[in-house]
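Chemist: The following block contains the structure, expressed as structure tokens.
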Amino acid sequence: MSSIPGLPTPGSDVQILIKSVNSSPLCVLVELWGNFSQGKKAEYQYLAQDIQSPGEIFHEFEGNAGDQCLVQMDNTWYRSRIVSRHGSNYSVFLIDKGWMRSATRSMLAWGKKEHFLLPPEVEFCVLANVLPLSHGHSWSHTAMEFLKTLPGKSVKAYVQEILVPQRIFLLHIPCISKLMYEMGFAKKLSAEMFKDFVLQSLRSPSEAVVSTETQEMPMRNEPEGPGEQMHKQPFMYPVLPTGTMETVIVTEVTNPQRVFCQLRIFSQELKKLSEQLTQHYEGRLATCNIGPDMLGFPCAARGSDGSWYRCVLQQVFPTNKVVEVLNVDYGMKHLVTVDNVRPLAAEFFRMPVATYICSLHGITDKGVGWTAAQIDYLRSLLLGKTVIAKFEYQSLCEGVHYVTLYGHGNTNLNNLFSSKESGLLECEKSTGDYSKLMCMSAFAEKDEAQKQSKTKMTMQPDVIPAAQNLSATPSEGLRSTGSGISFQTQNSSNESRTAAFMAHMFPIGSALDVNVSCIESPNDFWCQLVQNAGHLKWLMRDMQTYYASSQFHPFVETACVARHPDNGMWYRALVINRQTPHADVLLVDYGQTKTVSLYDLRRICPAFLNLKGQAFRCSLYNPADPTSTMNDWDEEALAQFEDFVNTAASNHVILKCTIYAIMCNEQKVLFNIVDLETPFESVRTRMVALAKSVPPKKASESHSHFNGSYCYSTHNIKTGREEMVTVTCVNSVNQFFCQLERNADVVEDLTMKLSTLCHQLKNAKPPTKCGTVCFAKYTDGHWYRGRIKATQPSVLVHFVDYGDTLEVDKSDLLPVPREASDIMSVPVQAVECSLSDFPASVPREVNSWFESNATEHKFRALVVAKDPCGKLLVELYNGKTQLNSTIKKEFQIEMQRQEQVVYRDPKLTSKSFDKESQKKGDLPSEPEIKALPKAADLPSKSFTSGMEADVLVSHCNSPLSFYVQFVREEEDLFSIVEKLNDGQSTRKTIDIKDVHPGDLVQAEFPEDSSWYRAVVREIHGNTMALVEFVDFGNTAMISISKMCRLSKPLLKFPTYSTHCMLSEAAALGKEVVLDPEVVSTFKKDIGNGDKELTCRFIRQSGSVWEVSLEDSGMKVVCKVPTRGPTAFSEIISEKLEQVKEKPDQSATSSQMLPNKSTLCHLKPDFVEGQQLEAYVTAISGAQTFWCQLANSEEVDKLTLIVSEVGNAAQHKPVDATSLSHGSPCIVLYADDKLWYRAQVISKNGDVLSILFVDYGDRAQVNVRDVREMPPELIETPPQVFLCELEGFDASHGSWDDGAVDALSDLSRQVITADCS
């Protein structure tokens, strides 16, 4: 072999920087792209700058396969080579990066000749002498994970061979290949044998020669007689980076986890390839040697249509001389005779395979497989359709790409399928279901043979260093042999009472402020409550003093105190394993496991048992598989999780921990299934694409951790949102139960399944134990899910899906069989609620009225808040009437500061009521108490417009609300804080009845236990209040016991924080400014109270100053991301008129008048200069087109609702005579058989011209495919907006005939549009 000028020669030692590695496990050779020219870095940098001024952009029909050109990616030009072309769409190879990419004509330009004088910056290399060790001759998951670590490494290599015609370097890299041999997933070949194998892979089958050494690779079983031989060679697949959006054709659907998506850009090339294959093989007389050991080999096969296709051998049936092949370009399997199979010639490997095996992202089968009906529905939804595919990520171990598919008008087809077929299931638990298990405090029996896995400590408290191990759970009790040391078990009778730690128990839906104290993986980590940090700190101090000079005594119980082996400090601990002379202990306040000497254990003083164990065990909630505590998180996921936690800790951001469920794994270890959030981001959202569920279990096993319990769920109900609900049970205004209208299908399906199952169980023995789950017959004669609440004197059953508790005859009870896992896994449908802003106790008449007027009625519920136990505080609306206000007005209920209720019967006058209440002594007179000062009593500051000052931002909610402190006033502020926290000062406590909103007090900030001046903003119940710290601007919910009267001297000072808003923020609109990404970026720019800024006061609006900020001369601005808000759903009515179809002049229809009941049209709330990501959904002219926001969720919801309305049996076709110009309706779209909203443009007999208002395209339909649009759908604005190309004036010329076609090329692609 000769060398290539300017590049390393065979036999030379080189330094190579590995840029990328082929990520396909089916590629037998380790293919990589590397940079030899590291010494020419400056030349390549100069070249990269030079090509940013490209030549002429491609014109129509320019550019053929093999041409060198420049391609623009992310506003940067790269050298490239054209691989294929279809119309104005190209596939190009970036020669300096080693990437395959798709491009359009407008992204390509000709380069200068000198641009291509330098050789490619990366060269194609193969790792020499290495092949997979596995029998399937593909790389294992471990191998792929190792290979993924290579990019970015600079290594020494030996140039073993150079295959000049193919420009391939065979590199022997000892530091890599040696590791692969030692790790056990690669085998070593001699240099000559490896060279022969590579050459054989490159030759055509007729030229291939297999040496005796390489026949150990499973190539074939030699039949009698001559014939052509097959050889295993991988196909080339273009690499699709995470997040890639491509237009694809769904060519085959096996199930939701196996959908074949073909890149549409290659569709014409594949047709040409089939023609070439047919021309090459058709009519040639030849035989092919095929054996059972050739499964997975590439071949050419003749399809049923007579054309030849590239295939892979799947099965061999020697008796019938038939084989099964998979068409790699279309995903279909076929049975063909051996006569119609040939080895695939080398030239047909050059075209990459552009059809990918995909799995619908977020869709699971609950471990029970897919029914024929579900698959048929999915095929009707996808097969043969052209859709947009977002490639979320690639699973190498599964060999699939996880994708989200978008159909007509940006409809999320994944959501559409999962909503229709209930593919996704939230399965969550309540605390009550696990009351017995929770008593174990997550300390269930542990398999002593289980390995202790390495963990990391993410929180670094002053009292404990990073942990090394994390145990599963401690054993129930321990015995000792040898060394004379014994341990008491919890069942020991030596003492009347055994020491035990109390554990935290949290209701489902609880939202807690936490620190993460220990991480093993996202499946297993420990959290601590922030509010108890001070208690733990004092406990640790007391323990160090108590055990400083303590002596070891035998008979140490399981609950004990242990000395840390690294820092020598004492911690509360639980013995989980003992191997003399050491013991493994769990530090119950931190979640870490340590191995300590038995002599470093002490009996725990009972006083140190009062504080609950501060660490509680958690597992990250994964919406892709909510029924499992075990998800396959890789190293990247662990790194992301740790980064999220550590970033929050370093920025002093408290994490919000939401309890979604309580589950136990197969070892009966309890976990709180949680999500962690900062004010701007959820770790679940960040990591959802990195979660891969463990392999599904059999139906009988899939819900083993739910035995004896129901699934509880938050149903994804968010504060501030509205839900349509049906009230099913009312106990009082402070406790009633609702079912969500969106779950109506779930309830109906559950009822049908229960009816069928209970009919089969009618002779079963009824359950009798209190707390047992059961099926119970209600007064209507139907069976429902329940739980036995009492057995004496009569049986009481709580109907979990409706909320009521009734007395039930024992004969109306049935047990829950093990095979009812599908029924048990459906989340409980009754959602507990309370009317907001009502006192804890109201008169009986109020509850009776509410029960009579609300039960079994439908309402619109606005979720105002969630209490710490997960109950929803709601406002109920019947149309526009708020039920909360109606009740208060009807019964004249008022909230009193003493939390007592004043109830006035409308029949009584206020005078008679006062006398009556005084007689009974209900409202005793109280002594007059001196009122607390108000915030207005503090001296005011003098500000003038245009004033500038150096400030610090003390607290920030958003660019629309933040607080600044003057740098010059820092010393005054410190002086006040010192006086407030002077240990010698006396503090006067406040009675709850004396506190009112607006009162000025001194309050203890819970995070640092220091006192500050504060104003009371809200009173919550009898004990809590929301206060704002007036000198800093932040708020906190604190106990009233932590508030005191403010001394008079401290009333002489003004507030040291000023409420401000960024001047430019108001112009952007709230939806833009309050975007979490915008807020987060703004907070980083202004600093965390440690960055001095120049503040210019512009004008005052109420109590808020409009200001501008500068940081070292640079203006601080709102950095808006290049995308639109998530819920633009408006359209301009004037623009709608421009695209209405003109009536046919020959038509007999009369001129139509506008319909008054039309869709509401609103002006889009876009800002000039704003960038939006959108889909072009329809072309209406040479320079006008309709767009739909790329991140709109409203379309998916509308599609689902409209489809349900259109398919409803009672929804009859409309009367054609009732339709007129502008009439809203819903129309069946012929291509996908789904219903969409539309508006009538014109009518000609039974044929209507309509406009699809959520997409912008028009169609002619028969009146039989039209339905009336319900009023609630009319209220939702259209989802598209009309756009026009800027800079073109029709008065100065006209477009040629190809303009609309060029504009149409943008359709179905995500574009970035600048508003003007």
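Ordering of the structure tokens sets the chain letters (A, B, ...); residue numbers start at 1 within each chain; ligands are numbered from 1 in the order shown.
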List as a PyMOL selection string the protein and nucleic acid residues near region 795-804 of chain A, meaning an atom at most 9 Å away when only C-alpha atoms are counted, but skip any in the same chain fewer than 4 places from it.
Modeler: chain A and resi 710+727-731+736-739+747+768+770+774-776+778+784-791+808-810+827-832
Chemist: Please report, as JSON, numbers by chain, each residue of region 959-1127 of chain A to which DSSP assigns strand (DSSP E or B) when run on this structure's backbone.
Modeler: {"A": [961, 962, 963, 964, 965, 966, 989, 999, 1000, 1001, 1002, 1003, 1004, 1005, 1010, 1011, 1012, 1013, 1014, 1015, 1016, 1017, 1018, 1019, 1020, 1024, 1025, 1026, 1027, 1028, 1029, 1035, 1036, 1037, 1038, 1039, 1043, 1044, 1058, 1059, 1060, 1061, 1062, 1093, 1094, 1095, 1096, 1097, 1098, 1099, 1100, 1101, 1104, 1105, 1106, 1107, 1108, 1109, 1110, 1111, 1114, 1115]}
Chemist: Tell me, as a list in words, which residues lie within 6 Å of Pro997 (chain A), counting only C-alpha atoms; anything in the same chain fewer than 2 positions away does not count.
Modeler: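 That gives Asp999, Val1016, Arg1017 and Glu1018 of chain A.
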Chemist: Report as an MDAnalysis selection string all protein, DNA and RNA residues lying within 10 Å of Ile162 (chain A), evaluated on only C-alpha atoms, omitting residues in the same chain fewer than 4 positions from it.
Modeler: chainID A and resid 1:4 8:11 125 166:171
Chemist: Let's have the selection written as a PDB file, in the first residue's frame, with N, CA and C atoms.
Modeler:
```pdb
ATOM      1  N   MET A   1       0.839  -1.189   0.000  1.00  0.00           N
ATOM      2  CA  MET A   1       0.000   0.000   0.000  1.00  0.00           C
ATOM      3  C   MET A   1       0.884   1.253   0.000  1.00  0.00           C
ATOM      4  N   SER A   2       0.535   2.244  -0.800  1.00  0.00           N
ATOM      5  CA  SER A   2       1.288   3.490  -0.853  1.00  0.00           C
ATOM      6  C   SER A   2       0.684   4.471   0.124  1.00  0.00           C
ATOM      7  N   SER A   3       1.294   5.641   0.183  1.00  0.00           N
ATOM      8  CA  SER A   3       0.807   6.657   1.119  1.00  0.00           C
ATOM      9  C   SER A   3       0.045   7.732   0.363  1.00  0.00           C
ATOM     10  N   ILE A   4      -0.556   8.667   1.153  1.00  0.00           N
ATOM     11  CA  ILE A   4      -1.290   9.805   0.601  1.00  0.00           C
ATOM     12  C   ILE A   4      -0.469  11.048   0.889  1.00  0.00           C
ATOM     13  N   PRO A   8       0.248  11.004   7.118  1.00  0.00           N
ATOM     14  CA  PRO A   8       1.192  10.016   7.643  1.00  0.00           C
ATOM     15  C   PRO A   8       1.370   8.825   6.701  1.00  0.00           C
ATOM     16  N   THR A   9       2.536   8.234   6.737  1.00  0.00           N
ATOM     17  CA  THR A   9       2.855   7.084   5.882  1.00  0.00           C
ATOM     18  C   THR A   9       2.730   5.797   6.682  1.00  0.00           C
ATOM     19  N   PRO A  10       2.524   4.655   6.002  1.00  0.00           N
ATOM     20  CA  PRO A  10       2.461   3.364   6.721  1.00  0.00           C
ATOM     21  C   PRO A  10       3.726   3.130   7.530  1.00  0.00           C
ATOM     22  N   GLY A  11       3.565   2.628   8.752  1.00  0.00           N
ATOM     23  CA  GLY A  11       4.702   2.349   9.612  1.00  0.00           C
ATOM     24  C   GLY A  11       5.127   3.502  10.475  1.00  0.00           C
ATOM     25  N   CYS A 125     -10.712   6.660   9.800  1.00  0.00           N
ATOM     26  CA  CYS A 125      -9.778   5.663  10.324  1.00  0.00           C
ATOM     27  C   CYS A 125     -10.544   4.459  10.859  1.00  0.00           C
ATOM     28  N   GLN A 166      -9.699   3.842  -0.994  1.00  0.00           N
ATOM     29  CA  GLN A 166     -10.829   4.204  -0.121  1.00  0.00           C
ATOM     30  C   GLN A 166     -10.464   5.299   0.874  1.00  0.00           C
ATOM     31  N   ARG A 167      -9.170   5.705   0.898  1.00  0.00           N
ATOM     32  CA  ARG A 167      -8.665   6.721   1.837  1.00  0.00           C
ATOM     33  C   ARG A 167      -9.034   6.333   3.274  1.00  0.00           C
ATOM     34  N   ILE A 168      -8.637   5.099   3.647  1.00  0.00           N
ATOM     35  CA  ILE A 168      -8.907   4.579   4.995  1.00  0.00           C
ATOM     36  C   ILE A 168      -7.573   4.299   5.676  1.00  0.00           C
ATOM     37  N   PHE A 169      -7.433   4.790   6.907  1.00  0.00           N
ATOM     38  CA  PHE A 169      -6.232   4.546   7.705  1.00  0.00           C
ATOM     39  C   PHE A 169      -6.543   3.458   8.732  1.00  0.00           C
ATOM     40  N   LEU A 170      -5.741   2.385   8.732  1.00  0.00           N
ATOM     41  CA  LEU A 170      -5.860   1.361   9.769  1.00  0.00           C
ATOM     42  C   LEU A 170      -4.848   1.710  10.848  1.00  0.00           C
ATOM     43  N   LEU A 171      -5.362   2.106  12.018  1.00  0.00           N
ATOM     44  CA  LEU A 171      -4.509   2.598  13.096  1.00  0.00           C
ATOM     45  C   LEU A 171      -4.470   1.606  14.247  1.00  0.00           C
TER      46      LEU A 171
END
```
Chemist: Set the distance at 12 Å and use only C-alpha atoms: which residues neighbour Ser848 (chain A) once local chain neighbours fewer than 3 positions away are removed? I'd like the list as a compact mmCIF listing (two decimals) with C-alpha atoms, in the first residue's frame.
Modeler:
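And here is the file that came out, out-v7.txt:
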```txt
# COMPACT_ATOMS: atom_id res chain seq x y z
CA VAL A 730 -69.55 16.46 49.62
CA ASN A 731 -68.65 16.20 53.29
CA SER A 732 -68.31 19.95 53.79
CA VAL A 733 -67.10 23.06 52.00
CA VAL A 842 -68.88 26.71 59.08
CA PRO A 843 -72.51 26.22 60.19
CA ARG A 844 -74.24 23.01 59.25
CA GLU A 845 -76.66 24.88 56.99
CA GLU A 851 -74.08 19.30 49.28
CA SER A 852 -77.54 19.77 47.75
CA ASN A 853 -76.41 22.20 45.07
CA ALA A 854 -73.04 20.70 44.11
CA THR A 855 -73.26 16.88 44.25
CA ILE A 887 -72.33 30.81 49.36
CA PHE A 891 -75.05 33.01 54.32
```
Chemist: Rounded to one decimal in Å, what is the spacing between CA of Leu344 (chain A) and CA of Lys187 (chain A)?
Modeler: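 Value for the CA of Leu344 (chain A)-CA of Lys187 (chain A) distance: 27.2 Å.
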Chemist: For Ile18 (chain A), please output as JSON, numbers by chain all residues within 12 Å (counting only C-alpha atoms; exclusion window: fewer than 5 positions along the same chain).
Modeler: {"A": [31, 32, 33, 34, 35, 36, 37, 38, 97, 98, 121, 122, 123, 124, 125, 126, 127, 147, 148, 149, 150, 151, 152, 153, 154, 155, 156, 157, 171, 173, 176]}
Chemist: Can you write just those residues out, N, CA and C atoms, as a tab-separated table (two decimals), in the first residue's frame?
Modeler:
```
chain	number	residue	atom	x	y	z
A	31	GLU	N	-15.06	2.41	13.61
A	31	GLU	CA	-14.79	3.50	12.68
A	31	GLU	C	-14.73	4.82	13.44
A	32	LEU	N	-13.69	5.58	13.16
A	32	LEU	CA	-13.57	6.87	13.83
A	32	LEU	C	-13.00	7.91	12.87
A	33	TRP	N	-13.26	9.16	13.20
A	33	TRP	CA	-12.72	10.28	12.44
A	33	TRP	C	-11.73	11.01	13.34
A	34	GLY	N	-10.51	11.20	12.79
A	34	GLY	CA	-9.47	11.81	13.60
A	34	GLY	C	-8.73	12.90	12.87
A	35	ASN	N	-8.04	13.72	13.64
A	35	ASN	CA	-7.29	14.86	13.10
A	35	ASN	C	-5.81	14.59	13.27
A	36	PHE	N	-5.08	14.43	12.11
A	36	PHE	CA	-3.63	14.26	12.13
A	36	PHE	C	-2.92	15.61	12.11
A	37	SER	N	-3.60	16.63	11.62
A	37	SER	CA	-2.96	17.91	11.31
A	37	SER	C	-3.09	18.89	12.45
A	38	GLN	N	-2.76	18.45	13.66
A	38	GLN	CA	-2.89	19.36	14.79
A	38	GLN	C	-1.89	20.50	14.73
A	97	LYS	N	-15.56	17.63	9.50
A	97	LYS	CA	-16.20	17.24	10.75
A	97	LYS	C	-16.53	15.76	10.80
A	98	GLY	N	-16.69	15.14	9.62
A	98	GLY	CA	-17.09	13.74	9.60
A	98	GLY	C	-18.57	13.54	9.82
A	121	GLU	N	-9.84	18.12	7.40
A	121	GLU	CA	-9.26	18.24	8.74
A	121	GLU	C	-9.36	16.93	9.51
A	122	VAL	N	-10.35	16.10	9.19
A	122	VAL	CA	-10.46	14.79	9.82
A	122	VAL	C	-10.36	13.72	8.74
A	123	GLU	N	-9.75	12.61	9.09
A	123	GLU	CA	-9.62	11.48	8.17
A	123	GLU	C	-10.36	10.28	8.72
A	124	PHE	N	-10.85	9.45	7.80
A	124	PHE	CA	-11.58	8.25	8.20
A	124	PHE	C	-10.59	7.16	8.58
A	125	CYS	N	-10.71	6.66	9.80
A	125	CYS	CA	-9.78	5.66	10.32
A	125	CYS	C	-10.54	4.46	10.86
A	126	VAL	N	-9.85	3.34	10.97
A	126	VAL	CA	-10.40	2.13	11.57
A	126	VAL	C	-9.42	1.65	12.63
A	127	LEU	N	-9.93	1.36	13.83
A	127	LEU	CA	-9.09	0.84	14.91
A	127	LEU	C	-8.63	-0.56	14.53
A	147	LEU	N	-16.74	3.25	23.87
A	147	LEU	CA	-16.37	3.95	22.63
A	147	LEU	C	-16.86	5.39	22.64
A	148	LYS	N	-18.00	5.64	23.32
A	148	LYS	CA	-18.54	6.99	23.38
A	148	LYS	C	-17.63	7.93	24.17
A	149	THR	N	-16.70	7.38	24.95
A	149	THR	CA	-15.79	8.23	25.74
A	149	THR	C	-14.57	8.67	24.95
A	150	LEU	N	-14.38	8.13	23.74
A	150	LEU	CA	-13.15	8.39	23.00
A	150	LEU	C	-13.09	9.78	22.35
A	151	PRO	N	-14.19	10.32	21.79
A	151	PRO	CA	-14.08	11.64	21.15
A	151	PRO	C	-13.50	12.69	22.09
A	152	GLY	N	-12.57	13.47	21.53
A	152	GLY	CA	-11.90	14.50	22.33
A	152	GLY	C	-10.56	14.06	22.89
A	153	LYS	N	-10.23	12.76	22.80
A	153	LYS	CA	-8.96	12.26	23.33
A	153	LYS	C	-7.87	12.36	22.26
A	154	SER	N	-6.69	12.77	22.67
A	154	SER	CA	-5.52	12.81	21.80
A	154	SER	C	-4.63	11.64	22.19
A	155	VAL	N	-4.38	10.72	21.25
A	155	VAL	CA	-3.67	9.47	21.57
A	155	VAL	C	-2.55	9.22	20.57
A	156	LYS	N	-1.60	8.40	20.98
A	156	LYS	CA	-0.52	7.97	20.09
A	156	LYS	C	-0.99	6.74	19.31
A	157	ALA	N	-0.70	6.73	18.01
A	157	ALA	CA	-1.15	5.63	17.16
A	157	ALA	C	-0.04	5.23	16.19
A	171	LEU	N	-5.36	2.11	12.02
A	171	LEU	CA	-4.51	2.60	13.10
A	171	LEU	C	-4.47	1.61	14.25
A	173	ILE	N	-3.88	1.48	17.96
A	173	ILE	CA	-3.81	2.41	19.10
A	173	ILE	C	-3.76	1.57	20.37
A	176	ILE	N	-5.96	2.07	23.57
A	176	ILE	CA	-7.40	1.80	23.44
A	176	ILE	C	-7.66	0.30	23.28
```
Chemist: Can you pull out the residues contacting region 320-332 of chain A? Cut-off 6 Å, using only C-alpha atoms, and skip same-chain residues under 4 positions away; I want them as number ranges by chain.
Modeler: A: 251-252, 260, 310-316, 336-338, 355
Chemist: Take the residues from that selection and put them in a file with N, CA and C atoms, as a PDB file, in the first residue's frame.
Modeler:
```pdb
ATOM      1  N   THR A 251     -43.015   4.051   6.883  1.00  0.00           N
ATOM      2  CA  THR A 251     -43.126   2.970   5.897  1.00  0.00           C
ATOM      3  C   THR A 251     -43.650   1.672   6.483  1.00  0.00           C
ATOM      4  N   GLU A 252     -43.513   1.491   7.794  1.00  0.00           N
ATOM      5  CA  GLU A 252     -44.006   0.263   8.422  1.00  0.00           C
ATOM      6  C   GLU A 252     -44.240   0.513   9.899  1.00  0.00           C
ATOM      7  N   PHE A 260     -40.996   2.290  11.538  1.00  0.00           N
ATOM      8  CA  PHE A 260     -39.932   2.578  10.586  1.00  0.00           C
ATOM      9  C   PHE A 260     -40.192   3.933   9.936  1.00  0.00           C
ATOM     10  N   ARG A 310     -32.694  -3.653  -1.138  1.00  0.00           N
ATOM     11  CA  ARG A 310     -31.660  -4.025  -0.161  1.00  0.00           C
ATOM     12  C   ARG A 310     -32.332  -4.621   1.071  1.00  0.00           C
ATOM     13  N   CYS A 311     -31.827  -5.735   1.539  1.00  0.00           N
ATOM     14  CA  CYS A 311     -32.471  -6.444   2.651  1.00  0.00           C
ATOM     15  C   CYS A 311     -31.428  -7.010   3.605  1.00  0.00           C
ATOM     16  N   VAL A 312     -31.924  -7.509   4.717  1.00  0.00           N
ATOM     17  CA  VAL A 312     -31.117  -8.250   5.693  1.00  0.00           C
ATOM     18  C   VAL A 312     -31.823  -9.571   5.948  1.00  0.00           C
ATOM     19  N   LEU A 313     -31.060 -10.652   5.973  1.00  0.00           N
ATOM     20  CA  LEU A 313     -31.623 -11.982   6.180  1.00  0.00           C
ATOM     21  C   LEU A 313     -32.113 -12.125   7.618  1.00  0.00           C
ATOM     22  N   GLN A 314     -33.376 -12.553   7.798  1.00  0.00           N
ATOM     23  CA  GLN A 314     -33.971 -12.670   9.129  1.00  0.00           C
ATOM     24  C   GLN A 314     -34.153 -14.121   9.579  1.00  0.00           C
ATOM     25  N   GLN A 315     -34.700 -14.979   8.713  1.00  0.00           N
ATOM     26  CA  GLN A 315     -34.916 -16.386   9.046  1.00  0.00           C
ATOM     27  C   GLN A 315     -34.674 -17.237   7.810  1.00  0.00           C
ATOM     28  N   VAL A 316     -34.278 -18.484   8.037  1.00  0.00           N
ATOM     29  CA  VAL A 316     -34.031 -19.431   6.943  1.00  0.00           C
ATOM     30  C   VAL A 316     -34.892 -20.666   7.176  1.00  0.00           C
ATOM     31  N   VAL A 336     -39.504 -14.810   0.845  1.00  0.00           N
ATOM     32  CA  VAL A 336     -39.126 -14.961  -0.563  1.00  0.00           C
ATOM     33  C   VAL A 336     -38.415 -16.293  -0.746  1.00  0.00           C
ATOM     34  N   THR A 337     -38.480 -16.813  -1.948  1.00  0.00           N
ATOM     35  CA  THR A 337     -37.768 -18.057  -2.241  1.00  0.00           C
ATOM     36  C   THR A 337     -36.281 -17.774  -2.381  1.00  0.00           C
ATOM     37  N   VAL A 338     -35.477 -18.800  -2.180  1.00  0.00           N
ATOM     38  CA  VAL A 338     -34.025 -18.645  -2.260  1.00  0.00           C
ATOM     39  C   VAL A 338     -33.606 -18.172  -3.646  1.00  0.00           C
ATOM     40  N   THR A 355     -33.685   4.822   6.578  1.00  0.00           N
ATOM     41  CA  THR A 355     -34.898   4.405   7.285  1.00  0.00           C
ATOM     42  C   THR A 355     -34.488   3.904   8.662  1.00  0.00           C
TER      43      THR A 355
END
```
Chemist: In Å, how far is it from CA of Glu1028 (chain A) to CA of Cys1044 (chain A)?
Modeler: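 Those two atoms sit 14.4 Å apart.
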Chemist: Could you check which of A:Ser517, A:Thr751, A:Ser274, A:Thr254 is closest to Ala649 (chain A), using only C-alpha atoms?
Modeler: A:Ser517
